[in-house]
There are 4 protein chains.
Amino acid sequence: MIIVLKQGTTKDQISALSNELNQQYNVTVNAWYGEHSTVLGLLGDTAKIDIEYIQAQSIVESVKRVQEPYKKANRKFHPDNTVIKVGRNTIGDGSLTLIAGPCSVESSEQMEIISGRVKKAGAGILRGGAFKPRTSPYAFQGLRAEGLYLLLEAKRKSGLPIITEIMSPSHLPLFEDVDIIQVGARNMQNFELLKELGHCNKPILLKRGLANTIEETLMSAEYIMASGNENVILCERGIRTYETYTRNTLDISAVPVFKKLSHLPVVVDPSHAAGIPWLVEPLSLAAVAAGADGLIIEVHNNPEKALSDGAQSLTPDTFDQVAAHVTQLTEAMGRKVNNWGVAE
Amino acid sequence: MIIVLKQGTTKDQISALSNELNQQYNVTVNAWYGEHSTVLGLLGDTAKIDIEYIQAQSIVESVKRVQEPYKKANRKFHPDNTVIKVGRNTIGDGSLTLIAGPCSVESSEQMEIISGRVKKAGAGILRGGAFKPRTSPYAFQGLRAEGLYLLLEAKRKSGLPIITEIMSPSHLPLFEDVDIIQVGARNMQNFELLKELGHCNKPILLKRGLANTIEETLMSAEYIMASGNENVILCERGIRTYETYTRNTLDISAVPVFKKLSHLPVVVDPSHAAGIPWLVEPLSLAAVAAGADGLIIEVHNNPEKALSDGAQSLTPDTFDQVAAHVTQLTEAMGRKVNNWGVAE
Amino acid sequence: MIIVLKQGTTKDQISALSNELNQQYNVTVNAWYGEHSTVLGLLGDTAKIDIEYIQAQSIVESVKRVQEPYKKANRKFHPDNTVIKVGRNTIGDGSLTLIAGPCSVESSEQMEIISGRVKKAGAGILRGGAFKPRTSPYAFQGLRAEGLYLLLEAKRKSGLPIITEIMSPSHLPLFEDVDIIQVGARNMQNFELLKELGHCNKPILLKRGLANTIEETLMSAEYIMASGNENVILCERGIRTYETYTRNTLDISAVPVFKKLSHLPVVVDPSHAAGIPWLVEPLSLAAVAAGADGLIIEVHNNPEKALSDGAQSLTPDTFDQVAAHVTQLTEAMGRKVNNWGVAE
Amino acid sequence: MIIVLKQGTTKDQISALSNELNQQYNVTVNAWYGEHSTVLGLLGDTAKIDIEYIQAQSIVESVKRVQEPYKKANRKFHPDNTVIKVGRNTIGDGSLTLIAGPCSVESSEQMEIISGRVKKAGAGILRGGAFKPRTSPYAFQGLRAEGLYLLLEAKRKSGLPIITEIMSPSHLPLFEDVDIIQVGARNMQNFELLKELGHCNKPILLKRGLANTIEETLMSAEYIMASGNENVILCERGIRTYETYTRNTLDISAVPVFKKLSHLPVVVDPSHAAGIPWLVEPLSLAAVAAGADGLIIEVHNNPEKALSDGAQSLTPDTFDQVAAHVTQLTEAMGRKVNNWGVAE
């Protein structure tokens, strides 16, 4: 950490700050006296230093981190990829995992049709929302506990592991048989929820928030990991920009950047990024080309009757095509798809 | 609601959709047949129609709302300002309320000093964080229950009503003697929390999220109101943009826009918007000039030792000046400050 | 075009506006009278109607376009891809064109080395800046006329067609032997320049501005086309968002969206989008997977000595690898690379 | 300037870079050797060092400026406010200047009516566009040379100095009798134009670009100043964000920040920032409260017939009210309005 001091700072002030930093954080402080400004360099483990605390000191002009503020999520300290096993899928080992299913769980029949179709098309994990975060209080809020029940039923019948979103720490007991718990973009900095998820041992798929930086996303992963659960999957699902043609702007660069900075697997959600069905295929292909470990795609047997997100869901037929083209590209790049459905 | 249909849509498809909309939402549907496109106009209460559901229909090209999707928060249906009484303050009646205090509650002494100073300077409500949302799991997380205890002690001693942030529905029982419950920007779309707060009868200060539109903020207010609690105060605290000089970009236009669209009171937080102490005064003055009903400002007796947000806190002496200049401007505009501290 | 009128609008006002629109723009106006609001629908060629003019009418609440405001760039009116021939490259016919070279033209030797290497690696067009837009007036501004001379020399020696940026209409005479004229992101709405370029018959590569929407980009293409030059190539080079890890955020969705809305070819610039050399490969692969017709990549024989943009330039060795991987992916997708250098 | 080096950098590499920086930029380089990283500190005039050049060095991890990259626009080197005299107005001396007039100059009658009204209401400078940057090539492009002629006529008749926008360096001869030349937001980084304007001795009003930072705006001012013309007025006119209710988002913080970092006067354009007439008053008041030296407001005698920007123009009657309220606030803050029209 490098601290630029204000002009006119005295040596006494510098030594007082140096002593305090040394005592409080066990770092050693080197000072470099320039003509117009003085710079301090901090040696030691600075990841846990609160940068705002430093900025609050009256003699401080600005601060620059040299070390990243995350440790457990940091590839520097864990050079090997984290590989997360979910059913027969391995996420993070170079293979590609397809996650597919409806936005909302709606009925037993719906889940049976969709799970059969996506499994056949090559999906290794079934998605489906029981608790639904909706902008409007008047919109369908999900079947909640009943939705979870139907999703577990679909898991038993299809043999596919399942992923579904949690919206409150108090719902955690209901998620016992869920394979991956999803934290939605709107809850990425719901820190009480993150801490709670750090105490369970299930894989957590953490979606990047609409206004969150790559570093903040890694800090939220760090919350879960620091609480004891290192099974975190990062998910890029589009960020909010001024462009209005697409629902959000897929930050494709985040895929290689996450993989460079962190050892955690990275999944891309082209359905929420675009909000437009015909964009799912090109964005899926781009995500694979950029190095994503998985895709999570909304598929509905009857998008026009979907209780949520119908406008961005693929039909099973379209998903067949997307999955085929994605598989072709993945294999052309020397990677394989965790395609258990087809194998059976 | 106006629905533009795709080219080639048949009359049968149109009448099928019209019938369905009529049955499901009790609206009447008028069709206008253009040369290149057909447009449907929906008559009746369309606020509760899920716009995504309409977009999901295969014959639909695009949809445009004519009515706003919020009702309880909408000034059209409640022309008079909502006025919220908190202690001796009236928020929303044209007067200005100053809310001040430390970012985090740290100790009994700190709270006594700060509450005394801000009350004397003209603050009508004391702020202080007990549960603290922090980007890093390694940063100070607030004194939590103990912080609430100290804040309540400061309330008793100073006579000032208090505002503090809630981070989880499960903490609600601890907030029984809190006067205003704050929902932080990161939880603005934590819908489970919003619903829970709709069941209590306390005023809720709802901060706009960093990536949330004005309309989404009103929809989150609607969540609380639809659940039964109409005492909502909106808070503009800066949005995330590409500009890096300031921590966030204060959207000053949001103040008059919120007041135009809604009858709810609007408070501005210049401390979080700017992240820089010397910007608090000009932004406070701008907020008052733009019509804000209140200001919420971070004040710390010793910002350099603050356990959080020291970098943006004012000293009590600086707050004295800001409060004096704000009062002068408010009165010049023919408004009064709810200045109970000085009055005593 | 659909116009929602304000509540309380009289029939006389409506008929006055209808008559005026009919006379001024030769459109017919249909009115639909709802319970709470009245909606007008305009029939005919509405692309040339100034939407701001409509919004300025006192009886107008809001306006929604049904037709796009661009015509010549619109795929609806030109379903076939525009294919632009530059030397032996065909841009827009399904093949991939690699454009490569230094940010700035610096010397005869530099151009000879780089043009030789990028040609051998598969580039079909040579890039190089003579007039350089730089944020600082103290930074290297390009060799200007001399740079153009050196670039033309490199064209003669290498046989590669060249692309270079124009910054002022008055420089146009110098560009007579340039094969593609580039309009930089900062000049995307320099309308006087666009009009001037519409009067020449050379291909124009139009870079999307940092804060410009997809539609605005197509409107700038329309400026060039409406002035008589239909040889426009669109270029996505990253937009400005709040994320700071990358220099800009590559809007990968813009590639398929541009191709859907328009018949013009689309090129991606991963060098400026990322600003980081190791991101050029994954972003190039993603761009090809998403359907780009070409890539424009900065390559320098000695990035550390580059007079501009060294930080994001590839070395010739790294470009060899990127070109090889891009070629492999392109061919796996059933497309071919316009690889003339290697063929010779 | 502080340079963080990559791990593993050798002493030889460091001394090579140090020598080069010393020779090329006449700065001395200090090295500080940490455990995990080495940091270089540069002493001397670093404002002219190209930060991209440093970033391109293979041993460099990251770079941080301590000094600002602008000198002539920097308040550190010119502590006193620059005061620009335009007619009888003094801009930058603590007084407030009102600039008002139509978006586009349309006719002699229009200019006579509007100039009379805005002068009477207190405007000290008349605005009016002759060359109009429009998103669509099919929209009204301004009366161009004829518009300038009509504007000069209005200047003669009203006695008000005039401001109008330039779009190309080649039009400069036409601007001989214009009092302030405006650079529009879309041309803020049209560097060829900025350099040309640096060679004339007229005041330049430089509008911040829609995606440009505060620092980039100051760098564009620096372009004009470095070319010899120090009469620059900065203008905040809203930036592009995800919020769609307003046309742009007025960055009110930019006002005090510009005044802190620079000695140049700052004007606010609430008309373009909001795009909504009823927002002009609250935003004008906020701008004055935040410390703006002037306001530039669109006024049209018949907004419904305006050839451009009618939707955001005030009527003369509304401008009377805005001017009165702005004057009242300005005087309440102990400042005066340069109100020459009324005085006569």
# chains A, B, ... in the order shown; residues from 1 in each chain; ligands from 1
$ select_by_dssp --residues "stretch 42-120 of chain C" --states "strand (DSSP E)" --output "list in words"
Leu42, Leu43, Val60, Glu61, Ser62, Val63, Lys64, Ile84, Lys85, Val86, Asn89, Thr90, Ile91, Thr97, Leu98, Ile99, Ala100 and Gly101 of chain C
$ write_last_selection --atoms "all heavy atoms" --output "compact mmCIF listing (two decimals), in the first residue's frame"
# COMPACT_ATOMS: atom_id res chain seq x y z
N LEU C 42 -49.22 7.45 -36.11
CA LEU C 42 -48.85 8.10 -37.38
C LEU C 42 -48.53 7.05 -38.43
O LEU C 42 -47.73 6.15 -38.19
CB LEU C 42 -47.63 8.99 -37.18
CG LEU C 42 -47.91 10.42 -36.69
CD1 LEU C 42 -48.78 10.44 -35.46
CD2 LEU C 42 -46.60 11.15 -36.44
N LEU C 43 -49.14 7.19 -39.58
CA LEU C 43 -48.96 6.25 -40.69
C LEU C 43 -48.14 6.91 -41.80
O LEU C 43 -48.42 8.05 -42.17
CB LEU C 43 -50.31 5.92 -41.31
CG LEU C 43 -51.07 4.76 -40.72
CD1 LEU C 43 -52.37 4.58 -41.48
CD2 LEU C 43 -50.23 3.50 -40.84
N VAL C 60 -48.46 16.99 -25.73
CA VAL C 60 -47.83 15.67 -25.84
C VAL C 60 -47.23 15.22 -24.51
O VAL C 60 -46.47 15.95 -23.89
CB VAL C 60 -46.74 15.68 -26.94
CG1 VAL C 60 -45.93 14.39 -26.92
CG2 VAL C 60 -47.38 15.89 -28.31
N GLU C 61 -47.61 14.02 -24.09
CA GLU C 61 -47.05 13.43 -22.86
C GLU C 61 -45.76 12.68 -23.20
O GLU C 61 -44.76 12.84 -22.56
CB GLU C 61 -48.09 12.45 -22.26
CG GLU C 61 -47.62 11.63 -21.08
CD GLU C 61 -47.78 12.36 -19.77
OE1 GLU C 61 -48.67 13.23 -19.67
OE2 GLU C 61 -47.00 12.07 -18.84
N SER C 62 -45.81 11.81 -24.20
CA SER C 62 -44.61 11.08 -24.58
C SER C 62 -44.76 10.53 -25.99
O SER C 62 -45.86 10.51 -26.54
CB SER C 62 -44.35 9.93 -23.60
OG SER C 62 -45.40 8.99 -23.66
N VAL C 63 -43.66 10.12 -26.57
CA VAL C 63 -43.64 9.67 -27.96
C VAL C 63 -42.87 8.35 -28.02
O VAL C 63 -41.91 8.16 -27.29
CB VAL C 63 -42.91 10.69 -28.87
CG1 VAL C 63 -43.11 10.33 -30.34
CG2 VAL C 63 -43.37 12.10 -28.60
N LYS C 64 -43.29 7.47 -28.87
CA LYS C 64 -42.58 6.21 -29.06
C LYS C 64 -42.46 5.95 -30.55
O LYS C 64 -43.45 5.98 -31.28
CB LYS C 64 -43.37 5.08 -28.41
CG LYS C 64 -42.75 3.70 -28.58
CD LYS C 64 -43.65 2.65 -27.92
CE LYS C 64 -43.23 1.26 -28.34
NZ LYS C 64 -41.89 0.88 -27.89
N ILE C 84 -17.85 -5.03 -48.45
CA ILE C 84 -16.92 -3.99 -48.86
C ILE C 84 -15.59 -4.63 -49.23
O ILE C 84 -15.01 -5.39 -48.45
CB ILE C 84 -16.76 -2.94 -47.73
CG1 ILE C 84 -18.11 -2.22 -47.54
CG2 ILE C 84 -15.64 -1.95 -48.03
CD1 ILE C 84 -18.14 -1.21 -46.43
N LYS C 85 -15.14 -4.32 -50.46
CA LYS C 85 -13.88 -4.90 -50.93
C LYS C 85 -12.75 -3.92 -50.67
O LYS C 85 -12.85 -2.74 -51.05
CB LYS C 85 -13.97 -5.21 -52.43
CG LYS C 85 -14.97 -6.32 -52.76
CD LYS C 85 -14.71 -6.93 -54.13
CE LYS C 85 -13.36 -7.63 -54.19
NZ LYS C 85 -13.20 -8.51 -55.37
N VAL C 86 -11.73 -4.40 -50.03
CA VAL C 86 -10.56 -3.56 -49.75
C VAL C 86 -9.35 -4.39 -50.12
O VAL C 86 -9.02 -5.37 -49.43
CB VAL C 86 -10.49 -3.15 -48.26
CG1 VAL C 86 -9.28 -2.25 -48.03
CG2 VAL C 86 -11.78 -2.44 -47.86
N ASN C 89 -9.39 -8.23 -49.72
CA ASN C 89 -10.31 -8.60 -48.63
C ASN C 89 -11.75 -8.28 -49.01
O ASN C 89 -12.01 -7.28 -49.67
CB ASN C 89 -10.00 -7.80 -47.37
CG ASN C 89 -8.55 -7.91 -46.96
OD1 ASN C 89 -8.16 -8.89 -46.33
ND2 ASN C 89 -7.73 -6.93 -47.34
N THR C 90 -12.64 -9.14 -48.53
CA THR C 90 -14.06 -8.86 -48.67
C THR C 90 -14.63 -8.81 -47.26
O THR C 90 -14.62 -9.81 -46.55
CB THR C 90 -14.76 -9.97 -49.47
OG1 THR C 90 -14.30 -11.24 -48.95
CG2 THR C 90 -14.41 -9.88 -50.94
N ILE C 91 -15.12 -7.65 -46.87
CA ILE C 91 -15.58 -7.46 -45.49
C ILE C 91 -17.09 -7.45 -45.48
O ILE C 91 -17.71 -6.60 -46.10
CB ILE C 91 -15.03 -6.15 -44.90
CG1 ILE C 91 -13.52 -6.04 -45.15
CG2 ILE C 91 -15.34 -6.04 -43.41
CD1 ILE C 91 -12.90 -4.74 -44.67
N THR C 97 -11.70 -10.61 -41.55
CA THR C 97 -10.56 -9.82 -41.97
C THR C 97 -9.78 -9.36 -40.74
O THR C 97 -10.37 -8.83 -39.80
CB THR C 97 -11.02 -8.59 -42.77
OG1 THR C 97 -11.72 -9.05 -43.94
CG2 THR C 97 -9.84 -7.71 -43.19
N LEU C 98 -8.47 -9.58 -40.77
CA LEU C 98 -7.61 -9.11 -39.67
C LEU C 98 -6.93 -7.82 -40.10
O LEU C 98 -6.26 -7.77 -41.13
CB LEU C 98 -6.55 -10.17 -39.34
CG LEU C 98 -7.04 -11.41 -38.61
CD1 LEU C 98 -5.90 -12.43 -38.47
CD2 LEU C 98 -7.57 -11.04 -37.24
N ILE C 99 -7.11 -6.80 -39.28
CA ILE C 99 -6.46 -5.52 -39.50
C ILE C 99 -5.47 -5.36 -38.36
O ILE C 99 -5.83 -5.51 -37.20
CB ILE C 99 -7.49 -4.37 -39.49
CG1 ILE C 99 -8.66 -4.66 -40.45
CG2 ILE C 99 -6.84 -3.04 -39.77
CD1 ILE C 99 -9.82 -3.68 -40.35
N ALA C 100 -4.22 -5.07 -38.67
CA ALA C 100 -3.23 -4.99 -37.59
C ALA C 100 -2.16 -3.98 -37.95
O ALA C 100 -1.96 -3.63 -39.12
CB ALA C 100 -2.60 -6.36 -37.35
N GLY C 101 -1.48 -3.50 -36.91
CA GLY C 101 -0.41 -2.53 -37.10
C GLY C 101 -0.26 -1.69 -35.85
O GLY C 101 -0.99 -1.87 -34.88
$ interface_residues --of "chain B" --to "chain A" --cutoff "9 Å" --atoms "only C-alpha atoms" --output "compact mmCIF listing (two decimals) with N, CA, C and O atoms, in the first residue's frame"
# COMPACT_ATOMS: atom_id res chain seq x y z
N ALA B 47 -51.60 -0.94 -14.12
CA ALA B 47 -50.41 -0.86 -13.26
C ALA B 47 -49.94 -2.25 -12.83
O ALA B 47 -48.77 -2.48 -12.61
N LYS B 48 -50.89 -3.17 -12.69
CA LYS B 48 -50.51 -4.48 -12.18
C LYS B 48 -50.18 -5.49 -13.30
O LYS B 48 -49.91 -6.65 -13.03
N ILE B 49 -50.24 -5.05 -14.53
CA ILE B 49 -49.87 -5.96 -15.62
C ILE B 49 -48.36 -6.12 -15.66
O ILE B 49 -47.61 -5.15 -15.59
N ASP B 50 -47.93 -7.37 -15.73
CA ASP B 50 -46.51 -7.67 -15.78
C ASP B 50 -46.02 -7.41 -17.21
O ASP B 50 -46.36 -8.14 -18.14
N GLU B 52 -43.24 -7.87 -18.59
CA GLU B 52 -42.46 -8.97 -19.17
C GLU B 52 -43.36 -10.06 -19.77
O GLU B 52 -42.99 -10.72 -20.73
N TYR B 53 -44.52 -10.22 -19.14
CA TYR B 53 -45.45 -11.21 -19.67
C TYR B 53 -45.89 -10.80 -21.07
O TYR B 53 -45.94 -11.63 -21.99
N ILE B 54 -46.18 -9.53 -21.23
CA ILE B 54 -46.60 -9.04 -22.55
C ILE B 54 -45.46 -9.21 -23.56
O ILE B 54 -45.66 -9.69 -24.68
N GLN B 55 -44.25 -8.83 -23.14
CA GLN B 55 -43.11 -8.94 -24.05
C GLN B 55 -42.84 -10.37 -24.49
O GLN B 55 -42.24 -10.60 -25.53
N ALA B 56 -43.26 -11.32 -23.68
CA ALA B 56 -42.98 -12.72 -24.00
C ALA B 56 -43.88 -13.27 -25.10
O ALA B 56 -43.62 -14.34 -25.64
N GLN B 57 -44.95 -12.55 -25.41
CA GLN B 57 -45.84 -13.06 -26.45
C GLN B 57 -45.17 -12.96 -27.81
O GLN B 57 -44.60 -11.93 -28.17
N SER B 58 -45.29 -14.01 -28.57
CA SER B 58 -44.52 -14.09 -29.82
C SER B 58 -44.92 -13.03 -30.84
O SER B 58 -44.15 -12.67 -31.71
N PRO B 69 -46.14 2.12 -13.11
CA PRO B 69 -46.40 0.81 -12.51
C PRO B 69 -46.54 0.86 -10.99
O PRO B 69 -46.71 -0.17 -10.36
N TYR B 70 -46.44 2.05 -10.40
CA TYR B 70 -46.62 2.17 -8.93
C TYR B 70 -47.90 2.96 -8.68
O TYR B 70 -48.23 3.87 -9.43
N PRO B 133 -22.91 -2.44 6.55
CA PRO B 133 -22.58 -3.17 5.31
C PRO B 133 -21.22 -2.70 4.82
O PRO B 133 -21.05 -1.53 4.50
N ARG B 134 -20.24 -3.58 4.78
CA ARG B 134 -18.90 -3.21 4.35
C ARG B 134 -18.46 -4.07 3.18
O ARG B 134 -18.68 -5.28 3.19
N THR B 135 -17.83 -3.49 2.20
CA THR B 135 -17.39 -4.23 1.02
C THR B 135 -16.47 -5.39 1.39
O THR B 135 -16.50 -6.45 0.78
N SER B 136 -15.64 -5.18 2.40
CA SER B 136 -14.67 -6.21 2.79
C SER B 136 -15.11 -6.95 4.05
O SER B 136 -15.51 -6.33 5.04
N PRO B 137 -14.99 -8.28 4.05
CA PRO B 137 -15.32 -9.03 5.27
C PRO B 137 -14.34 -8.75 6.40
O PRO B 137 -14.61 -9.08 7.55
N TYR B 138 -13.20 -8.15 6.05
CA TYR B 138 -12.17 -7.90 7.06
C TYR B 138 -12.32 -6.52 7.70
O TYR B 138 -11.59 -6.16 8.61
N ALA B 139 -13.25 -5.70 7.18
CA ALA B 139 -13.45 -4.36 7.74
C ALA B 139 -14.41 -4.45 8.93
O ALA B 139 -15.17 -5.41 9.08
N PHE B 140 -14.35 -3.44 9.77
CA PHE B 140 -15.23 -3.33 10.93
C PHE B 140 -16.69 -3.46 10.53
O PHE B 140 -17.16 -2.76 9.64
N MET B 167 -30.10 -4.69 8.29
CA MET B 167 -29.48 -5.48 7.23
C MET B 167 -30.13 -6.85 7.04
O MET B 167 -29.81 -7.55 6.09
N SER B 168 -31.01 -7.24 7.94
CA SER B 168 -31.64 -8.55 7.81
C SER B 168 -33.00 -8.52 8.51
O SER B 168 -33.14 -7.92 9.58
N PRO B 169 -34.01 -9.16 7.90
CA PRO B 169 -35.33 -9.18 8.55
C PRO B 169 -35.26 -9.75 9.96
O PRO B 169 -36.03 -9.34 10.83
N SER B 170 -34.33 -10.66 10.19
CA SER B 170 -34.28 -11.32 11.50
C SER B 170 -33.83 -10.38 12.61
O SER B 170 -33.98 -10.68 13.80
N ARG B 186 -27.48 -0.86 -0.86
CA ARG B 186 -27.21 -2.23 -1.32
C ARG B 186 -28.39 -3.17 -1.09
O ARG B 186 -28.43 -4.27 -1.64
N ASN B 187 -29.31 -2.77 -0.23
CA ASN B 187 -30.48 -3.60 0.06
C ASN B 187 -31.77 -3.03 -0.55
O ASN B 187 -32.85 -3.50 -0.22
N MET B 188 -31.63 -2.06 -1.44
CA MET B 188 -32.85 -1.43 -1.96
C MET B 188 -33.75 -2.42 -2.68
O MET B 188 -34.96 -2.25 -2.75
N GLN B 189 -33.15 -3.47 -3.25
CA GLN B 189 -33.98 -4.50 -3.89
C GLN B 189 -33.88 -5.84 -3.16
O GLN B 189 -33.98 -6.90 -3.76
N ASN B 190 -33.66 -5.76 -1.84
CA ASN B 190 -33.75 -6.95 -0.99
C ASN B 190 -35.23 -7.05 -0.62
O ASN B 190 -35.69 -6.56 0.41
N PHE B 191 -35.95 -7.72 -1.54
CA PHE B 191 -37.41 -7.63 -1.46
C PHE B 191 -37.98 -8.31 -0.23
O PHE B 191 -39.02 -7.91 0.29
N GLU B 192 -37.32 -9.36 0.26
CA GLU B 192 -37.81 -10.02 1.47
C GLU B 192 -37.75 -9.05 2.66
O GLU B 192 -38.65 -9.02 3.50
N LEU B 193 -36.68 -8.26 2.69
CA LEU B 193 -36.55 -7.25 3.75
C LEU B 193 -37.63 -6.17 3.61
O LEU B 193 -38.27 -5.77 4.59
N LYS B 195 -40.57 -6.37 2.24
CA LYS B 195 -41.90 -6.88 2.63
C LYS B 195 -42.04 -6.91 4.15
O LYS B 195 -43.09 -6.54 4.69
N GLY B 209 -30.65 2.62 -4.72
CA GLY B 209 -29.49 1.78 -5.01
C GLY B 209 -28.55 2.43 -6.00
O GLY B 209 -28.95 3.31 -6.78
N LEU B 210 -27.30 1.99 -6.02
CA LEU B 210 -26.27 2.61 -6.85
C LEU B 210 -26.54 2.47 -8.34
O LEU B 210 -26.00 3.23 -9.14
N ALA B 211 -27.32 1.45 -8.70
CA ALA B 211 -27.59 1.26 -10.13
C ALA B 211 -29.08 1.28 -10.39
O ALA B 211 -29.54 0.76 -11.39
N ASN B 212 -29.84 1.86 -9.49
CA ASN B 212 -31.29 1.81 -9.64
C ASN B 212 -31.86 3.11 -10.18
O ASN B 212 -31.46 4.20 -9.78
N GLU B 216 -37.45 2.40 -10.36
CA GLU B 216 -37.21 1.22 -9.52
C GLU B 216 -37.24 1.59 -8.04
O GLU B 216 -37.67 0.79 -7.20
N MET B 219 -40.67 1.73 -7.06
CA MET B 219 -41.23 0.38 -6.97
C MET B 219 -40.83 -0.29 -5.66
O MET B 219 -41.60 -1.08 -5.09
N SER B 220 -39.63 0.01 -5.16
CA SER B 220 -39.23 -0.55 -3.87
C SER B 220 -40.02 0.10 -2.74
O SER B 220 -40.38 -0.57 -1.76
N GLU B 222 -42.99 1.10 -3.16
CA GLU B 222 -44.29 0.46 -3.35
C GLU B 222 -44.35 -0.91 -2.63
O GLU B 222 -45.40 -1.28 -2.09
N TYR B 223 -43.23 -1.64 -2.64
CA TYR B 223 -43.18 -2.93 -1.92
C TYR B 223 -43.53 -2.74 -0.45
O TYR B 223 -44.33 -3.47 0.12
N ILE B 224 -42.89 -1.72 0.17
CA ILE B 224 -43.14 -1.47 1.59
C ILE B 224 -44.59 -1.02 1.79
O ILE B 224 -45.30 -1.50 2.68
N ALA B 226 -47.21 -1.46 -0.21
CA ALA B 226 -48.20 -2.49 -0.55
C ALA B 226 -48.34 -3.50 0.58
O ALA B 226 -49.37 -4.17 0.70
N SER B 227 -47.30 -3.62 1.40
CA SER B 227 -47.38 -4.54 2.54
C SER B 227 -48.00 -3.88 3.76
O SER B 227 -48.10 -4.49 4.81
N ARG B 240 -23.92 5.25 -9.35
CA ARG B 240 -22.60 4.88 -9.87
C ARG B 240 -22.50 5.27 -11.33
O ARG B 240 -23.33 4.87 -12.15
N THR B 241 -21.47 6.04 -11.64
CA THR B 241 -21.20 6.43 -13.02
C THR B 241 -19.73 6.19 -13.29
O THR B 241 -19.01 5.68 -12.44
N PRO B 303 -12.74 12.17 13.04
CA PRO B 303 -12.82 11.37 11.81
C PRO B 303 -11.60 10.47 11.59
O PRO B 303 -11.72 9.38 11.04
N GLU B 304 -10.44 10.93 12.07
CA GLU B 304 -9.23 10.13 11.82
C GLU B 304 -9.24 8.82 12.58
O GLU B 304 -8.51 7.89 12.26
N LYS B 305 -10.05 8.75 13.63
CA LYS B 305 -10.11 7.51 14.41
C LYS B 305 -11.42 6.76 14.15
O LYS B 305 -11.70 5.74 14.80
N ALA B 306 -12.25 7.27 13.24
CA ALA B 306 -13.53 6.62 12.98
C ALA B 306 -13.32 5.19 12.51
O ALA B 306 -12.38 4.91 11.75
N LEU B 307 -14.18 4.29 12.94
CA LEU B 307 -14.03 2.89 12.54
C LEU B 307 -14.59 2.63 11.15
O LEU B 307 -14.42 1.57 10.59
N SER B 308 -15.28 3.61 10.59
CA SER B 308 -15.75 3.49 9.20
C SER B 308 -16.04 4.88 8.66
O SER B 308 -16.44 5.78 9.40
N ASP B 309 -15.86 5.04 7.36
CA ASP B 309 -16.23 6.27 6.64
C ASP B 309 -15.63 7.54 7.20
O ASP B 309 -16.17 8.63 6.98
N GLY B 310 -14.52 7.43 7.93
CA GLY B 310 -13.90 8.64 8.47
C GLY B 310 -13.57 9.62 7.35
O GLY B 310 -13.67 10.84 7.53
N ALA B 311 -13.19 9.08 6.20
CA ALA B 311 -12.74 9.94 5.11
C ALA B 311 -13.81 10.89 4.62
O ALA B 311 -13.50 11.89 3.98
N GLN B 312 -15.07 10.60 4.90
CA GLN B 312 -16.11 11.50 4.39
C GLN B 312 -16.88 12.20 5.51
O GLN B 312 -17.82 12.94 5.23
N SER B 313 -16.47 11.98 6.77
CA SER B 313 -17.20 12.58 7.89
C SER B 313 -16.75 14.02 8.13
O SER B 313 -15.59 14.36 7.95
$ residues_around --residues "D:Ala121" --least-positions-apart "3" --cutoff "10 Å" --atoms "only C-alpha atoms" --output "MDAnalysis selection string"
chainID D and resid 98 100 115:118 124 316:317 319:324 339:342
$ residues_around --residues "A:Arg127" --least-positions-apart "4" --cutoff "12 Å" --atoms "only C-alpha atoms" --output "number ranges by chain"
A: 98-105, 111, 114-115, 118-119, 123, 147-148, 150-152, 154-155, 160-165, 178-182, 205, 269, 295-300
$ closest_residue --among "A:Leu172, A:Val288, A:Val255, A:Leu17" --to "A:Met333" --atoms "only C-alpha atoms"
A:Val288
$ residues_around --residues "stretch 228-234 of chain D" --least-positions-apart "4" --cutoff "7 Å" --atoms "only C-alpha atoms" --output "list in words"
Ile84, Gly198, His199, Cys200, Asn201, Lys202, Pro203, Ile204, Leu205, Leu206, Lys207, Ala221, Ile224, Leu264, Pro265, Val266 and Val267 of chain D
